[in-house]
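Asks: Enclosed is the structure file run-v2.txt (compact mmCIF, C-alpha atoms).
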# COMPACT_ATOMS: atom_id res chain seq x y z
CA MET A 25 -5.28 0.84 4.51
CA ASP A 26 -8.18 2.35 2.55
CA PHE A 27 -7.95 5.36 0.24
CA ASN A 28 -9.31 7.87 2.79
CA THR A 29 -6.73 6.81 5.38
CA PHE A 30 -3.99 7.03 2.73
CA LYS A 31 -5.19 10.49 1.71
CA ASN A 32 -5.31 11.71 5.31
CA ALA A 33 -1.80 10.40 6.01
CA PHE A 34 -0.47 12.08 2.85
CA LEU A 35 -2.07 15.40 3.86
CA VAL A 36 -0.49 15.14 7.32
CA GLY A 37 2.89 14.82 5.58
CA ILE A 38 2.23 17.94 3.49
CA PHE A 39 1.12 19.79 6.61
CA MET A 40 4.34 18.82 8.39
CA ALA A 41 6.46 20.05 5.48
CA PHE A 42 5.04 23.55 5.89
CA MET A 43 5.66 23.81 9.62
CA ILE A 44 7.81 26.96 9.65
CA GLY A 45 11.00 26.49 11.68
CA PRO A 46 14.81 26.14 11.51
CA VAL A 47 14.65 22.97 9.36
CA PHE A 48 12.35 24.69 6.85
CA PHE A 49 14.67 27.67 6.34
CA MET A 50 17.83 25.56 6.40
CA LEU A 51 16.44 23.42 3.58
CA ILE A 52 15.61 26.48 1.47
CA LYS A 53 18.99 28.12 2.10
CA THR A 54 20.93 24.91 1.38
CA SER A 55 19.11 24.51 -1.93
CA ILE A 56 19.86 28.10 -2.97
CA LEU A 57 23.54 28.12 -1.91
CA LYS A 58 24.59 24.54 -2.68
CA GLY A 59 22.06 23.14 -5.13
CA ALA A 60 19.28 20.58 -5.14
CA ARG A 61 21.46 17.52 -4.44
CA ALA A 62 22.95 19.07 -1.33
CA ALA A 63 19.47 20.05 -0.12
CA MET A 64 18.24 16.48 -0.73
CA ALA A 65 21.14 15.13 1.33
CA PHE A 66 20.19 17.51 4.15
CA ASP A 67 16.53 16.52 3.85
CA LEU A 68 17.46 12.83 4.02
CA GLY A 69 19.00 13.50 7.43
CA VAL A 70 15.85 15.31 8.54
CA ILE A 71 13.70 12.36 7.46
CA LEU A 72 16.00 9.89 9.24
CA GLY A 73 15.55 12.00 12.38
CA ASP A 74 11.77 11.75 11.97
CA ILE A 75 11.97 7.98 11.48
CA SER A 76 14.05 7.70 14.67
CA PHE A 77 11.44 9.67 16.60
CA MET A 78 8.65 7.57 15.06
CA CYS A 79 10.30 4.38 16.34
CA ILE A 80 10.83 5.86 19.80
CA ALA A 81 7.21 7.07 19.96
CA TYR A 82 5.78 3.78 18.67
CA PHE A 83 7.72 1.34 20.81
CA GLY A 84 7.54 3.63 23.83
CA SER A 85 3.77 4.01 23.77
CA ARG A 86 2.47 0.81 22.15
CA SER A 87 1.78 -1.13 25.36
CA LEU A 88 -0.13 1.82 26.85
CA LEU A 89 -2.16 2.43 23.69
CA GLU A 90 -3.04 -1.27 23.47
CA LYS A 91 -4.63 -1.07 26.92
CA ILE A 92 -6.67 2.08 26.31
CA LYS A 93 -7.29 1.96 22.55
CA ASP A 94 -11.06 1.51 23.06
CA ASP A 95 -11.26 4.17 25.78
CA PRO A 96 -12.95 7.37 24.48
CA ARG A 97 -10.82 9.39 26.91
CA LEU A 98 -7.93 8.77 24.55
CA PHE A 99 -9.60 11.06 22.01
CA LEU A 100 -10.05 13.71 24.69
CA ILE A 101 -6.36 13.56 25.58
CA GLY A 102 -5.26 13.59 21.94
CA GLY A 103 -7.60 16.47 21.14
CA LEU A 104 -6.41 18.46 24.13
CA VAL A 105 -2.76 17.98 23.06
CA LEU A 106 -3.58 19.28 19.57
CA ILE A 107 -5.48 22.28 20.95
CA ILE A 108 -2.63 23.22 23.29
CA TYR A 109 -0.06 22.85 20.50
CA GLY A 110 -2.31 24.90 18.21
CA LEU A 111 -2.69 27.67 20.79
CA ILE A 112 1.08 27.81 21.31
CA THR A 113 1.60 28.06 17.54
CA TYR A 114 -1.14 30.69 17.15
CA LEU A 115 -0.06 32.87 20.08
CA ASP A 116 3.73 32.55 19.59
CA LYS A 117 5.15 36.09 19.82
CA ASN A 118 8.04 35.10 17.55
CA ASN A 119 5.56 34.77 14.66
CA LYS A 120 5.82 38.52 14.09
CA LYS A 121 9.61 38.58 14.04
CA GLU A 122 11.48 38.60 10.75
CA VAL A 123 13.65 35.51 10.20
CA ASP A 124 17.35 36.42 10.11
CA ASP A 125 18.90 34.23 7.39
CA SER A 126 22.40 35.20 8.46
CA LYS A 127 21.97 33.16 11.65
CA ILE A 128 21.24 29.98 9.68
CA ALA A 129 24.66 28.46 8.99
CA VAL A 130 25.02 26.02 6.10
CA PRO A 131 28.00 23.62 6.36
CA ALA A 132 30.94 24.55 4.11
CA GLY A 133 31.59 22.46 1.00
CA LYS A 134 29.39 19.79 -0.55
CA ASN A 135 30.08 16.91 1.78
CA TYR A 136 26.78 15.04 1.45
CA PHE A 137 27.38 12.87 4.50
CA LYS A 138 28.01 15.99 6.61
CA LEU A 139 24.86 17.61 5.23
CA THR A 140 22.83 14.49 6.03
CA LEU A 141 24.25 14.37 9.55
CA ASN A 142 23.52 18.07 9.98
CA GLY A 143 19.89 17.55 8.94
CA PHE A 144 19.53 14.58 11.30
CA LEU A 145 20.95 16.46 14.29
CA LEU A 146 19.00 19.66 13.62
CA ASN A 147 15.78 17.68 13.60
CA PHE A 148 16.68 15.25 16.38
CA ILE A 149 17.47 17.95 18.96
CA ASN A 150 13.94 19.34 18.60
CA ILE A 151 11.92 17.55 21.29
CA GLY A 152 8.77 19.04 19.78
CA VAL A 153 9.14 16.63 16.84
CA LEU A 154 8.98 13.66 19.22
CA ALA A 155 5.90 15.17 20.85
CA PHE A 156 4.28 15.50 17.41
CA TRP A 157 4.88 11.85 16.47
CA LEU A 158 3.73 10.67 19.88
CA GLY A 159 0.56 12.76 19.57
CA LEU A 160 -0.05 11.43 16.06
CA LEU A 161 0.24 7.83 17.28
CA VAL A 162 -2.11 8.54 20.18
CA VAL A 163 -4.68 9.83 17.70
CA VAL A 164 -4.17 7.41 14.80
CA GLY A 165 -3.03 4.17 16.46
CA PRO A 166 -6.37 3.23 18.07
CA THR A 167 -8.28 4.02 14.84
CA LEU A 168 -6.07 1.45 13.11
CA ASP A 169 -6.66 -1.06 15.96
CA MET A 170 -2.95 -0.77 16.81
CA ASN A 171 -2.24 -3.05 13.84
CA PRO A 172 1.55 -2.84 13.25
CA ARG A 173 1.20 -3.28 9.48
CA SER A 174 -1.47 -0.57 9.16
CA ILE A 175 0.49 1.82 11.38
CA PHE A 176 3.66 1.18 9.37
CA TRP A 177 1.96 2.05 6.07
CA TYR A 178 0.23 5.06 7.60
CA LEU A 179 3.51 6.52 8.89
CA ALA A 180 5.28 5.60 5.64
CA THR A 181 2.61 7.56 3.74
CA VAL A 182 3.10 10.55 6.04
CA ILE A 183 6.83 10.45 5.30
CA LEU A 184 6.10 10.13 1.56
CA GLY A 185 3.90 13.23 1.61
CA TYR A 186 6.54 15.08 3.64
CA ALA A 187 9.41 14.05 1.33
CA LEU A 188 7.59 14.89 -1.91
CA THR A 189 6.56 18.30 -0.59
CA ASP A 190 10.14 18.97 0.51
CA LEU A 191 11.31 18.03 -2.99
CA VAL A 192 9.01 20.69 -4.43
CA LYS A 193 10.35 23.19 -1.88
CA ILE A 194 13.92 22.35 -2.91
CA LEU A 195 13.19 22.83 -6.62
CA LEU A 196 11.31 26.10 -5.99
CA ALA A 197 13.63 27.38 -3.24
CA LYS A 198 14.46 30.74 -4.83
CA GLN A 199 10.81 31.53 -5.56
CA LEU A 200 9.76 30.46 -2.07
CA LYS A 201 12.42 32.61 -0.41
CA SER A 202 11.22 35.71 -2.22
CA LYS A 203 7.61 34.99 -1.28
CA LEU A 204 8.23 34.22 2.40
CA THR A 205 7.94 37.72 3.78
CA PRO A 206 7.49 38.17 7.56
CA LEU A 207 3.77 38.79 6.99
CA VAL A 208 3.35 35.59 4.96
CA ILE A 209 5.24 33.54 7.58
CA TYR A 210 3.09 35.10 10.31
CA ARG A 211 -0.11 34.17 8.45
CA ILE A 212 1.07 30.60 7.75
CA LYS A 213 1.88 30.01 11.42
CA ARG A 214 -1.41 31.48 12.60
CA GLY A 215 -3.33 29.43 10.02
CA MET A 216 -1.63 26.23 11.13
CA GLY A 217 -2.40 27.06 14.73
CA ILE A 218 -6.10 27.45 13.87
CA LEU A 219 -6.12 24.14 11.96
CA LEU A 220 -4.59 22.31 14.92
CA ILE A 221 -7.17 23.81 17.27
CA VAL A 222 -10.05 22.81 14.97
CA PHE A 223 -8.72 19.25 14.53
CA GLY A 224 -8.24 18.99 18.29
CA ALA A 225 -11.79 20.15 18.97
CA LEU A 226 -13.21 17.63 16.47
CA LEU A 227 -11.16 14.87 18.05
CA MET A 228 -12.42 15.74 21.53
CA LEU A 229 -15.98 15.75 20.20
CA LYS A 230 -15.39 12.24 18.86
CA GLY A 231 -14.60 11.15 22.41
CA PHE A 232 -18.11 12.14 23.54
CA ILE A 233 -19.91 10.33 20.71
CA PRO A 234 -20.26 6.54 21.16
CA LYS A 235 -18.58 4.49 18.44
CA ASP A 236 -21.82 2.68 17.51
CA LYS A 237 -23.58 6.00 16.89
CA ILE A 238 -20.75 7.16 14.62
CA GLU A 239 -21.02 3.92 12.60
CA THR A 240 -24.83 4.26 12.38
CA LEU A 241 -24.48 7.86 11.19
CA MET A 242 -21.92 6.83 8.56
CA GLU A 243 -24.22 4.05 7.32
CA ARG A 244 -27.10 6.54 6.98
CA VAL A 245 -24.91 8.98 5.06
CA GLU A 246 -23.74 6.20 2.71
CA GLY A 247 -27.33 5.00 2.26
CA THR A 248 -28.52 8.52 1.41
CA ALA A 249 -25.69 8.93 -1.08
CA LYS A 250 -26.64 5.68 -2.86
CA LEU A 251 -30.29 6.75 -3.13
CA GLN A 252 -29.25 10.02 -4.76
CA GLU A 253 -27.18 8.24 -7.42
Just give me the structure of the file as structure tokens.

Replies:
Amino acid sequence: MDFNTFKNAFLVGIFMAFMIGPVFFMLIKTSILKGARAAMAFDLGVILGDISFMCIAYFGSRSLLEKIKDDPRLFLIGGLVLIIYGLITYLDKNNKKEVDDSKIAVPAGKNYFKLTLNGFLLNFINIGVLAFWLGLLVVVGPTLDMNPRSIFWYLATVILGYALTDLVKILLAKQLKSKLTPLVIYRIKRGMGILLIVFGALLMLKGFIPKDKIETLMERVEGTAKLQE
């Protein structure tokens, strides 16, 4: 996996970590009420839930993606999924509602196993997470030629970016909580919706451009860059 692919995977992980939802606020609240270790235990459960969904998405879709990995329609489908998800995120009426912290219940005590299990279940019951991982594989798998090793390291890098960003969130939980006003949350969600729509549109555009033309264009760009050095 080259540096650009590594960088993109890491950025996807950071992006995921700032998807505003129940897991996000539960992590912040756990860190504030029970400390960093308890929040890390909870986050471990969340990550295990993501890994479970990754395995389900990969093994459930691999045979299909192998058959159509060179079909440009795959990019159209992947782009359309991102655009729809982006529109839902952007137009969600709940974006304007203030988050009620009192409804987010943190398990009593500091039982780390219970916190880990709680994080796993809270993440695993969200079918949208499975849809995200499936969509990511549809987009990324064919670009990596469905190579199991490359896909493994790509997804591992996504998880690394996600985990490190969550660690920062845990350490800065009190500051984050004070900054996350309803207006800020609203703007974050709308911004993420716009990003998903833009990425989806670019992906769909890629489906209309033949692969050989993309490679020729990249070679010309690289050649121009070398002449300017």

Asks: Would you kindly return, as a PDB file with C-alpha atoms, keeping the file's coordinate frame, each protein, DNA or RNA residue with an atom no farther than 10 Å from any atom of region 147-152 of chain A, considering all atoms listed in the file and excluding same-chain residues fewer than 3 positions away?

Replies:
ATOM      1  CA  PRO A  46      14.810  26.140  11.510  1.00  0.00           C
ATOM      2  CA  VAL A  47      14.650  22.970   9.360  1.00  0.00           C
ATOM      3  CA  ASP A  67      16.530  16.520   3.850  1.00  0.00           C
ATOM      4  CA  GLY A  69      19.000  13.500   7.430  1.00  0.00           C
ATOM      5  CA  VAL A  70      15.850  15.310   8.540  1.00  0.00           C
ATOM      6  CA  ILE A  71      13.700  12.360   7.460  1.00  0.00           C
ATOM      7  CA  LEU A  72      16.000   9.890   9.240  1.00  0.00           C
ATOM      8  CA  GLY A  73      15.550  12.000  12.380  1.00  0.00           C
ATOM      9  CA  ASP A  74      11.770  11.750  11.970  1.00  0.00           C
ATOM     10  CA  ILE A  75      11.970   7.980  11.480  1.00  0.00           C
ATOM     11  CA  SER A  76      14.050   7.700  14.670  1.00  0.00           C
ATOM     12  CA  PHE A  77      11.440   9.670  16.600  1.00  0.00           C
ATOM     13  CA  TYR A 109      -0.060  22.850  20.500  1.00  0.00           C
ATOM     14  CA  LEU A 141      24.250  14.370   9.550  1.00  0.00           C
ATOM     15  CA  ASN A 142      23.520  18.070   9.980  1.00  0.00           C
ATOM     16  CA  GLY A 143      19.890  17.550   8.940  1.00  0.00           C
ATOM     17  CA  PHE A 144      19.530  14.580  11.300  1.00  0.00           C
ATOM     18  CA  ALA A 155       5.900  15.170  20.850  1.00  0.00           C
ATOM     19  CA  PHE A 156       4.280  15.500  17.410  1.00  0.00           C
ATOM     20  CA  TRP A 157       4.880  11.850  16.470  1.00  0.00           C
ATOM     21  CA  LEU A 158       3.730  10.670  19.880  1.00  0.00           C
TER      22      LEU A 158
END

Asks: Quote the spacing between CA of Thr113 (chain A) and CA of Met228 (chain A) in Å to one decimal place.

Replies: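 Rounded to one decimal, the two atoms are 19.1 Å apart.
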
Asks: From the options A:Met64, A:Phe42, A:Arg173, A:Gly159, which residue's atoms come nearest to Met216 (chain A), counting all atoms listed in the file?

Replies: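 Once distances to Met216 (chain A) are computed over all atoms listed in the file, the minimum belongs to A:Phe42.
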
Asks: Can you pull out the residues contacting Gly103 (chain A)? Cut-off 8 Å, using all atoms listed in the file, and skip same-chain residues under 6 positions away; I want them as a PyMOL selection string.

Replies: chain A and resi 223-228

Asks: Expressed in Å to a single decimal, how great is the separation between CA of Ile218 (chain A) and CA of Trp177 (chain A)?

Replies: 27.8 Å

Asks: In Å, how far is it from CA of Lys53 (chain A) to CA of Thr205 (chain A)?

Replies: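 CA of Thr205 (chain A) lies 14.7 Å from CA of Lys53 (chain A).
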
Asks: Please provide the set of residues having any atom within 8 Å of Ile108 (chain A), restricted to only C-alpha atoms, with same-chain residues fewer than 4 positions apart removed, written as number ranges by chain.

Replies: A: 104, 112, 221

Asks: Taking only C-alpha atoms into account, which of A:Ile194, A:Leu204, A:Leu35, A:Val222 comes nearest Ser55 (chain A)?

Replies: A:Ile194
